[in-house]
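Remarks on the structure that follows.
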Amino acid sequence: MTQLLVLGALNMQPMSGYDIQLMLQENEAERWSGVQVGSIYHALKKLEKERYIEIKKIESNGNRQRTIYTITDLGREQLKLLTFKAIQLSGVPYPLSLYAGLSFIEELSPEQAQEALEQQLVNLERELNLLVNGMEIKKQHFPEGLSPIVSLVSENMINVVQRQIQFTKDVIALSK
């Protein structure tokens with residue numbers, strides 16, 4: 001996934017590792033992709049070694065150097081392959097720990113169950129707010145409008161969390 005995101009970023013435009021990190025942080029990639037932003041530099045070194053990217057230029061600013069990378073034709077082919085695999089092999093995400101916990105909720109006192117469910121609801125509502133705010137940030141960065149796919153993906157993520165909120169509220173009502 002890290003290579004996919006790095007290649008995808010460099011396919012948009014040449015960037016430094018720091019620029020890629022900032023872009024991924026703004027898009028909260030750690031939260032939705034599982035990619036640790038700190039792993040970007042390792043991925044850059046590996047992608048360069050495999051000739052998927054190359055150094056376009058090195059900028060100097062005082063004692064600091066900034067390496068700007070660009071994607072190669074081989075890298076574009078790898079991006080296509082990684083994109084295909086990511087779409088083809090993606091599984092259905094389930095909140096597995098929630099489902100496992102709910103399977104044994106009777107082991108908790110009613111107060112403990114209520115407390116755990118209420119915290120789950122708070123977490124989900126926080127996630128929903130992050131997604132909605134993320135959409136607004138994306139819209140600001142793309143004044144010409146988001147692509148239909150990006151809009152659809154973002155709306156789907158919001159819908160999934162909204163459904164999970166409703167599910168949690170239903171469980172709370174059922175456990176009262």
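Each chain in the structure tokens gets a letter, A, B and so on, in the order shown; residues start at 1 in every chain, and ligands are counted from 1 in the order they appear.
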What's around Tyr94 of chain A at 12 Å? Count only C-alpha atoms, leave out sequence neighbours fewer than 5 positions away in its own chain, and write the answer as a VMD selection string. chain A and resid 99 to 100 160 to 161 164
Write out, as an mmCIF file, in the first residue's frame, the residues just selected, with N, CA and C atoms.
data_model
loop_
_atom_site.group_PDB
_atom_site.id
_atom_site.type_symbol
_atom_site.label_atom_id
_atom_site.label_comp_id
_atom_site.auth_asym_id
_atom_site.auth_seq_id
_atom_site.Cartn_x
_atom_site.Cartn_y
_atom_site.Cartn_z
ATOM 1 N N TYR A 99 -17.314 -7.077 16.657
ATOM 2 C CA TYR A 99 -18.184 -8.254 16.531
ATOM 3 C C TYR A 99 -17.807 -9.336 17.538
ATOM 4 N N ALA A 100 -16.510 -9.532 17.733
ATOM 5 C CA ALA A 100 -16.076 -10.529 18.721
ATOM 6 C C ALA A 100 -16.530 -10.113 20.110
ATOM 7 N N VAL A 160 -20.552 4.232 5.220
ATOM 8 C CA VAL A 160 -20.193 3.063 6.030
ATOM 9 C C VAL A 160 -20.151 3.440 7.507
ATOM 10 N N VAL A 161 -19.518 4.561 7.814
ATOM 11 C CA VAL A 161 -19.426 4.985 9.213
ATOM 12 C C VAL A 161 -20.807 5.356 9.745
ATOM 13 N N GLN A 164 -22.500 2.229 10.600
ATOM 14 C CA GLN A 164 -21.925 1.649 11.808
ATOM 15 C C GLN A 164 -22.429 2.392 13.043
#
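Residues within 8 Å of segment 133-136 of chain A, counting only C-alpha atoms and excluding same-chain residues fewer than 3 positions away, are A:Glu26, A:Asn27, A:Glu28, A:Asn129, A:Leu130, A:Lys139, A:Gln140, A:Ser154.
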Nearest to Gln119 of chain A: which of A:Asp73, A:Ile165, A:His141, A:Asn61 is it, counting only C-alpha atoms?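 Looking only at the distances to Gln119 of chain A, the closest residue turns out to be A:Ile165.
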May I have the residues within 8 Å of segment 80-88 of chain A as a list in words, using only C-alpha atoms and disregarding those fewer than 2 positions away in the same chain?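 These residues fall inside the cut-off: Met1, Leu4, Arg76, Glu77, Gln78 and Ser90 of chain A.
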